[in-house]
$ cat entry.txt   # compact mmCIF, N, CA and C atoms
# COMPACT_ATOMS: atom_id res chain seq x y z
N MET A 1233 4.44 7.32 -18.78
CA MET A 1233 3.16 6.71 -18.47
C MET A 1233 2.18 7.84 -18.18
N LYS A 1234 1.14 7.95 -18.98
CA LYS A 1234 0.21 9.06 -18.86
C LYS A 1234 -1.00 8.72 -17.99
N GLU A 1235 -1.43 7.48 -18.01
CA GLU A 1235 -2.59 7.09 -17.23
C GLU A 1235 -2.20 6.04 -16.21
N LYS A 1236 -2.91 6.05 -15.09
CA LYS A 1236 -2.62 5.00 -14.12
C LYS A 1236 -3.16 3.68 -14.64
N GLN A 1237 -2.41 2.63 -14.34
CA GLN A 1237 -2.78 1.28 -14.78
C GLN A 1237 -2.93 0.39 -13.56
N GLU A 1238 -4.01 -0.40 -13.55
CA GLU A 1238 -4.22 -1.30 -12.43
C GLU A 1238 -3.13 -2.36 -12.42
N LEU A 1239 -2.52 -2.53 -11.25
CA LEU A 1239 -1.44 -3.48 -11.08
C LEU A 1239 -1.91 -4.73 -10.34
N TYR A 1240 -2.79 -4.54 -9.35
CA TYR A 1240 -3.21 -5.64 -8.49
C TYR A 1240 -4.49 -5.24 -7.75
N ARG A 1241 -5.28 -6.25 -7.38
CA ARG A 1241 -6.53 -6.01 -6.65
C ARG A 1241 -6.71 -7.13 -5.66
N TYR A 1242 -7.15 -6.80 -4.47
CA TYR A 1242 -7.47 -7.82 -3.47
C TYR A 1242 -8.55 -7.29 -2.54
N SER A 1243 -9.17 -8.19 -1.80
CA SER A 1243 -10.14 -7.78 -0.80
C SER A 1243 -9.89 -8.54 0.48
N CYS A 1244 -10.29 -7.93 1.59
CA CYS A 1244 -10.11 -8.56 2.90
C CYS A 1244 -11.05 -7.88 3.89
N THR A 1245 -11.16 -8.50 5.03
CA THR A 1245 -11.93 -7.94 6.13
C THR A 1245 -10.95 -7.52 7.22
N VAL A 1246 -11.15 -6.35 7.77
CA VAL A 1246 -10.27 -5.83 8.81
C VAL A 1246 -10.46 -6.67 10.07
N ASP A 1247 -9.39 -7.30 10.51
CA ASP A 1247 -9.42 -8.21 11.65
C ASP A 1247 -9.17 -7.43 12.95
N GLU A 1248 -10.10 -7.52 13.88
CA GLU A 1248 -10.00 -6.78 15.14
C GLU A 1248 -8.76 -7.16 15.94
N GLU A 1249 -8.38 -8.43 15.93
CA GLU A 1249 -7.19 -8.88 16.66
C GLU A 1249 -5.92 -8.27 16.07
N LYS A 1250 -5.86 -8.17 14.73
CA LYS A 1250 -4.69 -7.56 14.09
C LYS A 1250 -4.61 -6.06 14.41
N VAL A 1251 -5.77 -5.40 14.46
CA VAL A 1251 -5.79 -3.97 14.81
C VAL A 1251 -5.27 -3.79 16.24
N PHE A 1252 -5.74 -4.61 17.16
CA PHE A 1252 -5.31 -4.53 18.56
C PHE A 1252 -3.80 -4.77 18.67
N ALA A 1253 -3.31 -5.82 18.00
CA ALA A 1253 -1.87 -6.14 18.05
C ALA A 1253 -1.04 -5.01 17.45
N PHE A 1254 -1.51 -4.42 16.36
CA PHE A 1254 -0.80 -3.32 15.72
C PHE A 1254 -0.72 -2.12 16.67
N LYS A 1255 -1.84 -1.79 17.31
CA LYS A 1255 -1.86 -0.67 18.24
C LYS A 1255 -0.86 -0.89 19.37
N GLN A 1256 -0.78 -2.11 19.87
CA GLN A 1256 0.18 -2.41 20.93
C GLN A 1256 1.62 -2.30 20.42
N ALA A 1257 1.86 -2.81 19.23
CA ALA A 1257 3.22 -2.83 18.67
C ALA A 1257 3.77 -1.43 18.44
N VAL A 1258 2.91 -0.52 18.04
CA VAL A 1258 3.38 0.83 17.73
C VAL A 1258 3.07 1.83 18.85
N SER A 1259 2.58 1.30 19.96
CA SER A 1259 2.20 2.15 21.11
C SER A 1259 1.28 3.27 20.68
N ALA A 1260 0.29 2.91 19.85
CA ALA A 1260 -0.65 3.90 19.33
C ALA A 1260 -1.61 4.35 20.43
N ALA A 1261 -1.91 5.63 20.42
CA ALA A 1261 -2.93 6.14 21.33
C ALA A 1261 -4.26 5.51 20.93
N ASP A 1262 -5.12 5.36 21.89
CA ASP A 1262 -6.41 4.73 21.60
C ASP A 1262 -7.20 5.63 20.66
N THR A 1263 -7.50 5.09 19.49
CA THR A 1263 -8.27 5.83 18.49
C THR A 1263 -9.71 5.34 18.47
N GLY A 1264 -10.14 4.78 19.58
CA GLY A 1264 -11.47 4.18 19.60
C GLY A 1264 -11.41 2.91 18.79
N SER A 1265 -12.44 2.64 18.06
CA SER A 1265 -12.44 1.42 17.27
C SER A 1265 -11.90 1.63 15.86
N GLU A 1266 -11.64 2.88 15.49
CA GLU A 1266 -11.10 3.18 14.16
C GLU A 1266 -9.67 2.65 14.05
N ILE A 1267 -9.29 2.18 12.86
CA ILE A 1267 -7.93 1.66 12.67
C ILE A 1267 -6.92 2.81 12.77
N PRO A 1268 -5.69 2.51 13.25
CA PRO A 1268 -4.65 3.54 13.29
C PRO A 1268 -4.24 3.96 11.87
N PRO A 1269 -3.67 5.14 11.71
CA PRO A 1269 -3.37 5.68 10.38
C PRO A 1269 -2.55 4.78 9.45
N THR A 1270 -1.53 4.10 9.95
CA THR A 1270 -0.68 3.31 9.05
C THR A 1270 -1.03 1.82 9.05
N PHE A 1271 -2.15 1.46 9.64
CA PHE A 1271 -2.56 0.05 9.68
C PHE A 1271 -2.79 -0.52 8.28
N LEU A 1272 -3.00 0.32 7.32
CA LEU A 1272 -3.28 -0.16 5.96
C LEU A 1272 -2.15 -1.01 5.39
N THR A 1273 -0.93 -0.79 5.88
CA THR A 1273 0.19 -1.64 5.46
C THR A 1273 -0.05 -3.09 5.87
N VAL A 1274 -0.66 -3.28 7.04
CA VAL A 1274 -1.00 -4.64 7.49
C VAL A 1274 -2.00 -5.26 6.52
N LEU A 1275 -2.98 -4.47 6.10
CA LEU A 1275 -3.94 -4.99 5.13
C LEU A 1275 -3.24 -5.42 3.85
N ASP A 1276 -2.28 -4.62 3.41
CA ASP A 1276 -1.55 -4.97 2.19
C ASP A 1276 -0.83 -6.30 2.35
N PHE A 1277 -0.07 -6.44 3.42
CA PHE A 1277 0.74 -7.65 3.60
C PHE A 1277 -0.11 -8.88 3.89
N HIS A 1278 -1.21 -8.71 4.62
CA HIS A 1278 -2.06 -9.86 4.93
C HIS A 1278 -3.18 -10.04 3.92
N GLY A 1279 -3.39 -9.04 3.08
CA GLY A 1279 -4.48 -9.12 2.11
C GLY A 1279 -4.06 -9.70 0.78
N GLY A 1280 -2.77 -9.91 0.59
CA GLY A 1280 -2.37 -10.55 -0.65
C GLY A 1280 -1.30 -9.86 -1.44
N LEU A 1281 -0.91 -8.63 -1.06
CA LEU A 1281 0.13 -7.94 -1.81
C LEU A 1281 1.39 -7.86 -0.96
N SER A 1282 2.07 -8.97 -0.85
CA SER A 1282 3.32 -9.00 -0.09
C SER A 1282 4.40 -8.23 -0.84
N PHE A 1283 5.49 -7.95 -0.15
CA PHE A 1283 6.63 -7.28 -0.76
C PHE A 1283 7.14 -8.09 -1.95
N GLN A 1284 7.21 -9.41 -1.78
CA GLN A 1284 7.68 -10.28 -2.86
C GLN A 1284 6.77 -10.19 -4.08
N LYS A 1285 5.45 -10.19 -3.84
CA LYS A 1285 4.50 -10.11 -4.95
C LYS A 1285 4.61 -8.75 -5.65
N LEU A 1286 4.74 -7.69 -4.85
CA LEU A 1286 4.85 -6.35 -5.43
C LEU A 1286 6.09 -6.21 -6.29
N THR A 1287 7.24 -6.66 -5.78
CA THR A 1287 8.47 -6.54 -6.58
C THR A 1287 8.40 -7.41 -7.83
N GLU A 1288 7.71 -8.54 -7.74
CA GLU A 1288 7.52 -9.39 -8.92
C GLU A 1288 6.68 -8.66 -9.97
N LEU A 1289 5.59 -8.05 -9.55
CA LEU A 1289 4.72 -7.32 -10.48
C LEU A 1289 5.45 -6.13 -11.12
N LEU A 1290 6.30 -5.48 -10.35
CA LEU A 1290 7.06 -4.33 -10.87
C LEU A 1290 8.30 -4.75 -11.65
N GLN A 1291 8.64 -6.02 -11.57
CA GLN A 1291 9.87 -6.57 -12.15
C GLN A 1291 11.10 -5.87 -11.56
N PHE A 1292 11.07 -5.72 -10.23
CA PHE A 1292 12.18 -5.15 -9.46
C PHE A 1292 12.91 -6.28 -8.76
N ASP A 1293 14.22 -6.13 -8.63
CA ASP A 1293 15.01 -7.05 -7.83
C ASP A 1293 14.78 -6.68 -6.36
N PRO A 1294 14.17 -7.56 -5.56
CA PRO A 1294 13.84 -7.21 -4.17
C PRO A 1294 15.05 -6.80 -3.33
N ALA A 1295 16.24 -7.29 -3.67
CA ALA A 1295 17.44 -6.93 -2.91
C ALA A 1295 17.89 -5.50 -3.20
N CYS A 1296 17.32 -4.88 -4.23
CA CYS A 1296 17.76 -3.54 -4.64
C CYS A 1296 16.68 -2.48 -4.47
N VAL A 1297 15.65 -2.78 -3.67
CA VAL A 1297 14.51 -1.87 -3.54
C VAL A 1297 14.61 -1.01 -2.29
N LEU A 1298 14.37 0.28 -2.48
CA LEU A 1298 14.31 1.25 -1.39
C LEU A 1298 12.89 1.82 -1.34
N HIS A 1299 12.45 2.15 -0.15
CA HIS A 1299 11.14 2.80 0.02
C HIS A 1299 11.37 4.30 -0.05
N GLY A 1300 10.80 4.95 -1.05
CA GLY A 1300 11.05 6.37 -1.26
C GLY A 1300 10.15 7.29 -0.47
N SER A 1301 8.85 7.02 -0.48
CA SER A 1301 7.92 7.89 0.22
C SER A 1301 6.58 7.17 0.39
N GLN A 1302 5.75 7.70 1.28
CA GLN A 1302 4.42 7.15 1.52
C GLN A 1302 3.56 8.26 2.08
N SER A 1303 2.35 8.39 1.55
CA SER A 1303 1.39 9.36 2.10
C SER A 1303 0.00 8.76 2.05
N TYR A 1304 -0.86 9.25 2.92
CA TYR A 1304 -2.23 8.74 2.99
C TYR A 1304 -3.21 9.91 2.92
N GLU A 1305 -4.27 9.71 2.18
CA GLU A 1305 -5.38 10.66 2.13
C GLU A 1305 -6.59 9.95 2.72
N TYR A 1306 -7.05 10.44 3.88
CA TYR A 1306 -8.16 9.79 4.58
C TYR A 1306 -9.47 10.45 4.18
N ILE A 1307 -10.38 9.64 3.68
CA ILE A 1307 -11.66 10.14 3.20
C ILE A 1307 -12.78 9.78 4.18
N LYS A 1308 -12.79 8.53 4.62
CA LYS A 1308 -13.73 8.12 5.66
C LYS A 1308 -13.10 7.02 6.50
N PRO A 1309 -13.53 6.90 7.75
CA PRO A 1309 -12.87 5.95 8.67
C PRO A 1309 -13.11 4.49 8.30
N ILE A 1310 -12.14 3.67 8.69
CA ILE A 1310 -12.23 2.22 8.53
C ILE A 1310 -12.19 1.61 9.92
N PHE A 1311 -13.06 0.62 10.14
CA PHE A 1311 -13.19 -0.01 11.45
C PHE A 1311 -12.98 -1.52 11.33
N PRO A 1312 -12.62 -2.17 12.44
CA PRO A 1312 -12.56 -3.64 12.43
C PRO A 1312 -13.91 -4.20 11.97
N GLY A 1313 -13.83 -5.24 11.16
CA GLY A 1313 -15.04 -5.85 10.61
C GLY A 1313 -15.42 -5.31 9.24
N ASP A 1314 -14.88 -4.15 8.85
CA ASP A 1314 -15.19 -3.59 7.53
C ASP A 1314 -14.57 -4.46 6.44
N HIS A 1315 -15.31 -4.64 5.38
CA HIS A 1315 -14.77 -5.36 4.21
C HIS A 1315 -14.17 -4.30 3.29
N ILE A 1316 -12.90 -4.50 2.94
CA ILE A 1316 -12.15 -3.53 2.14
C ILE A 1316 -11.72 -4.19 0.83
N GLU A 1317 -11.90 -3.47 -0.26
CA GLU A 1317 -11.33 -3.88 -1.53
C GLU A 1317 -10.23 -2.87 -1.84
N ALA A 1318 -9.03 -3.37 -2.10
CA ALA A 1318 -7.90 -2.50 -2.41
C ALA A 1318 -7.51 -2.67 -3.87
N VAL A 1319 -7.36 -1.55 -4.54
CA VAL A 1319 -6.94 -1.56 -5.95
C VAL A 1319 -5.62 -0.79 -6.03
N VAL A 1320 -4.59 -1.49 -6.48
CA VAL A 1320 -3.24 -0.91 -6.57
C VAL A 1320 -2.99 -0.51 -8.02
N TYR A 1321 -2.62 0.74 -8.20
CA TYR A 1321 -2.32 1.26 -9.53
C TYR A 1321 -0.86 1.67 -9.59
N ILE A 1322 -0.26 1.55 -10.76
CA ILE A 1322 1.03 2.18 -11.01
C ILE A 1322 0.70 3.47 -11.76
N THR A 1323 1.19 4.58 -11.22
CA THR A 1323 0.85 5.88 -11.80
C THR A 1323 2.03 6.53 -12.52
N GLY A 1324 3.21 5.93 -12.37
CA GLY A 1324 4.38 6.46 -13.05
C GLY A 1324 5.57 5.54 -12.88
N ARG A 1325 6.42 5.55 -13.87
CA ARG A 1325 7.65 4.76 -13.83
C ARG A 1325 8.70 5.51 -14.63
N THR A 1326 9.80 5.86 -13.95
CA THR A 1326 10.86 6.60 -14.62
C THR A 1326 12.21 6.00 -14.23
N ALA A 1327 13.19 6.21 -15.09
CA ALA A 1327 14.55 5.75 -14.82
C ALA A 1327 15.47 6.96 -14.83
N LYS A 1328 16.41 6.96 -13.86
CA LYS A 1328 17.34 8.07 -13.76
C LYS A 1328 18.58 7.61 -13.01
N ARG A 1329 19.77 7.80 -13.60
CA ARG A 1329 21.05 7.49 -12.97
C ARG A 1329 21.11 6.09 -12.36
N GLY A 1330 20.69 5.10 -13.11
CA GLY A 1330 20.79 3.72 -12.64
C GLY A 1330 19.70 3.31 -11.67
N MET A 1331 18.70 4.18 -11.48
CA MET A 1331 17.60 3.86 -10.58
C MET A 1331 16.29 3.91 -11.34
N THR A 1332 15.37 3.05 -10.93
CA THR A 1332 14.02 3.07 -11.49
C THR A 1332 13.06 3.45 -10.38
N PHE A 1333 12.23 4.43 -10.65
CA PHE A 1333 11.26 4.92 -9.68
C PHE A 1333 9.87 4.47 -10.12
N ALA A 1334 9.14 3.84 -9.22
CA ALA A 1334 7.76 3.43 -9.50
C ALA A 1334 6.85 4.16 -8.52
N LYS A 1335 5.90 4.90 -9.07
CA LYS A 1335 4.92 5.59 -8.24
C LYS A 1335 3.65 4.75 -8.21
N LEU A 1336 3.17 4.48 -6.99
CA LEU A 1336 2.01 3.63 -6.80
C LEU A 1336 0.90 4.40 -6.09
N GLU A 1337 -0.32 4.01 -6.39
CA GLU A 1337 -1.49 4.56 -5.69
C GLU A 1337 -2.39 3.39 -5.36
N THR A 1338 -2.75 3.26 -4.09
CA THR A 1338 -3.68 2.21 -3.67
C THR A 1338 -4.94 2.88 -3.17
N VAL A 1339 -6.07 2.50 -3.75
CA VAL A 1339 -7.37 3.02 -3.34
C VAL A 1339 -8.04 1.92 -2.52
N TYR A 1340 -8.34 2.24 -1.25
CA TYR A 1340 -9.01 1.31 -0.35
C TYR A 1340 -10.50 1.65 -0.37
N LEU A 1341 -11.29 0.74 -0.92
CA LEU A 1341 -12.72 0.97 -1.07
C LEU A 1341 -13.49 0.32 0.07
N LYS A 1342 -14.43 1.07 0.61
CA LYS A 1342 -15.34 0.57 1.64
C LYS A 1342 -16.73 0.81 1.12
N GLU A 1343 -17.50 -0.25 0.99
CA GLU A 1343 -18.85 -0.15 0.43
C GLU A 1343 -18.82 0.51 -0.94
N ASN A 1344 -17.82 0.14 -1.75
CA ASN A 1344 -17.63 0.61 -3.13
C ASN A 1344 -17.29 2.09 -3.26
N HIS A 1345 -16.88 2.72 -2.16
CA HIS A 1345 -16.49 4.13 -2.21
C HIS A 1345 -15.10 4.27 -1.58
N PRO A 1346 -14.27 5.16 -2.12
CA PRO A 1346 -12.93 5.33 -1.55
C PRO A 1346 -13.00 5.75 -0.08
N ALA A 1347 -12.24 5.04 0.76
CA ALA A 1347 -12.11 5.39 2.18
C ALA A 1347 -10.75 6.02 2.43
N VAL A 1348 -9.72 5.46 1.80
CA VAL A 1348 -8.35 5.96 1.95
C VAL A 1348 -7.63 5.78 0.62
N ILE A 1349 -6.76 6.73 0.30
CA ILE A 1349 -5.89 6.60 -0.87
C ILE A 1349 -4.46 6.72 -0.37
N SER A 1350 -3.66 5.73 -0.70
CA SER A 1350 -2.25 5.71 -0.32
C SER A 1350 -1.41 5.95 -1.57
N ARG A 1351 -0.41 6.80 -1.45
CA ARG A 1351 0.51 7.06 -2.56
C ARG A 1351 1.92 6.78 -2.08
N SER A 1352 2.68 6.05 -2.88
CA SER A 1352 4.04 5.71 -2.47
C SER A 1352 4.97 5.67 -3.67
N THR A 1353 6.25 5.73 -3.37
CA THR A 1353 7.28 5.60 -4.39
C THR A 1353 8.25 4.52 -3.96
N LEU A 1354 8.51 3.58 -4.85
CA LEU A 1354 9.54 2.56 -4.63
C LEU A 1354 10.67 2.83 -5.61
N ILE A 1355 11.89 2.58 -5.16
CA ILE A 1355 13.06 2.84 -5.97
C ILE A 1355 13.87 1.56 -6.08
N GLU A 1356 14.20 1.18 -7.30
CA GLU A 1356 15.11 0.07 -7.52
C GLU A 1356 16.44 0.67 -7.91
N GLN A 1357 17.47 0.39 -7.09
CA GLN A 1357 18.80 0.92 -7.34
C GLN A 1357 19.70 -0.25 -7.73
N LYS A 1358 20.16 -0.23 -8.95
CA LYS A 1358 21.03 -1.31 -9.44
C LYS A 1358 22.37 -0.76 -9.85
N GLY A 1359 23.29 -1.67 -10.09
CA GLY A 1359 24.60 -1.26 -10.57
C GLY A 1359 25.65 -1.39 -9.49
N ALA A 1360 26.83 -0.86 -9.76
CA ALA A 1360 27.97 -0.99 -8.86
C ALA A 1360 27.71 -0.36 -7.50
N ALA A 1361 26.85 0.65 -7.45
CA ALA A 1361 26.60 1.36 -6.19
C ALA A 1361 25.34 0.88 -5.49
N HIS A 1362 24.77 -0.24 -5.93
CA HIS A 1362 23.51 -0.64 -5.32
C HIS A 1362 23.71 -1.13 -3.89
N VAL A 1363 22.64 -1.08 -3.14
CA VAL A 1363 22.67 -1.42 -1.72
C VAL A 1363 23.03 -2.85 -1.51

$ encode --input "entry.txt" --output "structure tokens"
Amino acid sequence: MKEKQELYRYSCTVDEEKVFAFKQAVSAADTGSEIPPTFLTVLDFHGGLSFQKLTELLQFDPACVLHGSQSYEYIKPIFPGDHIEAVVYITGRTAKRGMTFAKLETVYLKENHPAVISRSTLIEQKGAAHV
């Protein structure tokens, strides 16, 4: 795969109550009103791209999926009340030794400009040795 391909798109508004609950759950230091660094996963799950939907789009068996890696590139802050549009791209897909690796990139847009870019790898492990 040479070019990234759009896999999914959704939009949502950052909910202040969810930010507060997340901060409490992870014992996050007070970052003021800015969202904590990994809060974007909450946006994904509540914004429309659940694990089930993602594995369906990738044509992965959800029982055989491992989370390989995750990184975030912060460009500008996101606050409760901000309207975010997230565009999920697949940037690579390879198979090796009974495993399929899918590289994903999610661009979180705020006011039509990138605010955060998330990059992750999901691994589908099938066969006799699968989880």

$ select_by_dssp --input "entry.txt" --residues "region 1246-1303 of chain A" --states "alpha helix (DSSP H)" --output "ChimeraX atom specification"
/A:1248-1257,1272-1279,1283-1290

$ residues_near_point --input "entry.txt" --point "(-3.2, 0.4, -4.2)" --cutoff "6 Å" --atoms "only C-alpha atoms" --output "MDAnalysis selection string"
chainID A and resid 1318:1321 1337:1339

$ closest_residue --input "entry.txt" --among "A:Val1348, A:Ile1355, A:Thr1323, A:Leu1239" --to "Leu1289 (chain A)" --atoms "only N, CA and C atoms"
A:Leu1239

$ closest_residue --input "entry.txt" --among "A:Asp1247, A:Asp1293, A:Glu1288, A:Glu1343" --to "Gly1313 (chain A)" --atoms "only C-alpha atoms"
A:Asp1247

$ select_by_dssp --input "entry.txt" --residues "region 1265-1305 of chain A" --states "strand (DSSP E)" --output "ChimeraX atom specification"
/A:1297-1305

$ closest_residue --input "entry.txt" --among "A:Lys1335, A:Arg1351, A:Lys1285, A:Arg1329" --to "Ser1301 (chain A)" --atoms "only N, CA and C atoms"
A:Arg1351

$ residues_around --input "entry.txt" --residues "Tyr1306 (chain A)" --least-positions-apart "3" --cutoff "7 Å" --atoms "only N, CA and C atoms" --output "compact mmCIF listing (two decimals) with N, CA and C atoms, keeping the file's coordinate frame"
# COMPACT_ATOMS: atom_id res chain seq x y z
N PRO A 1309 -13.53 6.90 7.75
CA PRO A 1309 -12.87 5.95 8.67
C PRO A 1309 -13.11 4.49 8.30
N ALA A 1347 -12.24 5.04 0.76
CA ALA A 1347 -12.11 5.39 2.18
C ALA A 1347 -10.75 6.02 2.43
N VAL A 1348 -9.72 5.46 1.80
CA VAL A 1348 -8.35 5.96 1.95
C VAL A 1348 -7.63 5.78 0.62
N ILE A 1349 -6.76 6.73 0.30
CA ILE A 1349 -5.89 6.60 -0.87
C ILE A 1349 -4.46 6.72 -0.37

$ closest_residue --input "entry.txt" --among "A:Leu1286, A:Leu1272, A:Cys1244, A:Leu1336" --to "Asp1314 (chain A)" --atoms "all atoms listed in the file"
A:Cys1244

$ closest_residue --input "entry.txt" --among "A:Phe1271, A:Tyr1304, A:Phe1277, A:Tyr1242" --to "Ile1316 (chain A)" --atoms "only N, CA and C atoms"
A:Tyr1242

$ atom_distance --input "entry.txt" --atom1 "CA of Gly1280 (chain A)" --atom2 "CA of Val1246 (chain A)"
13.2 Å

$ atom_distance --input "entry.txt" --atom1 "atom C of Phe1292 (chain A)" --atom2 "CA of Lys1250 (chain A)"
28.9 Å

$ residues_around --input "entry.txt" --residues "Thr1332 (chain A)" --least-positions-apart "2" --cutoff "6 Å" --atoms "only C-alpha atoms" --output "short mmCIF file (atom, residue, chain, number, x, y, z; two decimals) with N, CA and C atoms, in the frame of the given file"
data_model
loop_
_atom_site.label_atom_id
_atom_site.label_comp_id
_atom_site.auth_asym_id
_atom_site.auth_seq_id
_atom_site.Cartn_x
_atom_site.Cartn_y
_atom_site.Cartn_z
N THR A 1326 9.80 5.86 -13.95
CA THR A 1326 10.86 6.60 -14.62
C THR A 1326 12.21 6.00 -14.23
N ALA A 1327 13.19 6.21 -15.09
CA ALA A 1327 14.55 5.75 -14.82
C ALA A 1327 15.47 6.96 -14.83
N ILE A 1355 11.89 2.58 -5.16
CA ILE A 1355 13.06 2.84 -5.97
C ILE A 1355 13.87 1.56 -6.08
N GLU A 1356 14.20 1.18 -7.30
CA GLU A 1356 15.11 0.07 -7.52
C GLU A 1356 16.44 0.67 -7.91
#

$ atom_distance --input "entry.txt" --atom1 "CA of Glu1238 (chain A)" --atom2 "CA of Pro1268 (chain A)"
26.2 Å

$ residues_around --input "entry.txt" --residues "Val1251 (chain A)" --least-positions-apart "3" --cutoff "10 Å" --atoms "only C-alpha atoms" --output "MDAnalysis selection string"
chainID A and resid 1246:1248 1254:1257 1265:1268 1271:1272 1274:1275 1311:1312

$ write_last_selection --input "entry.txt" --atoms "N, CA and C atoms" --output "PDB file, keeping the file's coordinate frame"
ATOM      1  N   VAL A1246     -11.150  -6.350   7.770  1.00  0.00           N
ATOM      2  CA  VAL A1246     -10.270  -5.830   8.810  1.00  0.00           C
ATOM      3  C   VAL A1246     -10.460  -6.670  10.070  1.00  0.00           C
ATOM      4  N   ASP A1247      -9.390  -7.300  10.510  1.00  0.00           N
ATOM      5  CA  ASP A1247      -9.420  -8.210  11.650  1.00  0.00           C
ATOM      6  C   ASP A1247      -9.170  -7.430  12.950  1.00  0.00           C
ATOM      7  N   GLU A1248     -10.100  -7.520  13.880  1.00  0.00           N
ATOM      8  CA  GLU A1248     -10.000  -6.780  15.140  1.00  0.00           C
ATOM      9  C   GLU A1248      -8.760  -7.160  15.940  1.00  0.00           C
ATOM     10  N   PHE A1254      -1.510  -4.420  16.360  1.00  0.00           N
ATOM     11  CA  PHE A1254      -0.800  -3.320  15.720  1.00  0.00           C
ATOM     12  C   PHE A1254      -0.720  -2.120  16.670  1.00  0.00           C
ATOM     13  N   LYS A1255      -1.840  -1.790  17.310  1.00  0.00           N
ATOM     14  CA  LYS A1255      -1.860  -0.670  18.240  1.00  0.00           C
ATOM     15  C   LYS A1255      -0.860  -0.890  19.370  1.00  0.00           C
ATOM     16  N   GLN A1256      -0.780  -2.110  19.870  1.00  0.00           N
ATOM     17  CA  GLN A1256       0.180  -2.410  20.930  1.00  0.00           C
ATOM     18  C   GLN A1256       1.620  -2.300  20.420  1.00  0.00           C
ATOM     19  N   ALA A1257       1.860  -2.810  19.230  1.00  0.00           N
ATOM     20  CA  ALA A1257       3.220  -2.830  18.670  1.00  0.00           C
ATOM     21  C   ALA A1257       3.770  -1.430  18.440  1.00  0.00           C
ATOM     22  N   SER A1265     -12.440   2.640  18.060  1.00  0.00           N
ATOM     23  CA  SER A1265     -12.440   1.420  17.270  1.00  0.00           C
ATOM     24  C   SER A1265     -11.900   1.630  15.860  1.00  0.00           C
ATOM     25  N   GLU A1266     -11.640   2.880  15.490  1.00  0.00           N
ATOM     26  CA  GLU A1266     -11.100   3.180  14.160  1.00  0.00           C
ATOM     27  C   GLU A1266      -9.670   2.650  14.050  1.00  0.00           C
ATOM     28  N   ILE A1267      -9.290   2.180  12.860  1.00  0.00           N
ATOM     29  CA  ILE A1267      -7.930   1.660  12.670  1.00  0.00           C
ATOM     30  C   ILE A1267      -6.920   2.810  12.770  1.00  0.00           C
ATOM     31  N   PRO A1268      -5.690   2.510  13.250  1.00  0.00           N
ATOM     32  CA  PRO A1268      -4.650   3.540  13.290  1.00  0.00           C
ATOM     33  C   PRO A1268      -4.240   3.960  11.870  1.00  0.00           C
ATOM     34  N   PHE A1271      -2.150   1.460   9.640  1.00  0.00           N
ATOM     35  CA  PHE A1271      -2.560   0.050   9.680  1.00  0.00           C
ATOM     36  C   PHE A1271      -2.790  -0.520   8.280  1.00  0.00           C
ATOM     37  N   LEU A1272      -3.000   0.320   7.320  1.00  0.00           N
ATOM     38  CA  LEU A1272      -3.280  -0.160   5.960  1.00  0.00           C
ATOM     39  C   LEU A1272      -2.150  -1.010   5.390  1.00  0.00           C
ATOM     40  N   VAL A1274      -0.660  -3.280   7.040  1.00  0.00           N
ATOM     41  CA  VAL A1274      -1.000  -4.640   7.490  1.00  0.00           C
ATOM     42  C   VAL A1274      -2.000  -5.260   6.520  1.00  0.00           C
ATOM     43  N   LEU A1275      -2.980  -4.470   6.100  1.00  0.00           N
ATOM     44  CA  LEU A1275      -3.940  -4.990   5.130  1.00  0.00           C
ATOM     45  C   LEU A1275      -3.240  -5.420   3.850  1.00  0.00           C
ATOM     46  N   PHE A1311     -13.060   0.620  10.140  1.00  0.00           N
ATOM     47  CA  PHE A1311     -13.190  -0.010  11.450  1.00  0.00           C
ATOM     48  C   PHE A1311     -12.980  -1.520  11.330  1.00  0.00           C
ATOM     49  N   PRO A1312     -12.620  -2.170  12.440  1.00  0.00           N
ATOM     50  CA  PRO A1312     -12.560  -3.640  12.430  1.00  0.00           C
ATOM     51  C   PRO A1312     -13.910  -4.200  11.970  1.00  0.00           C
TER      52      PRO A1312
END
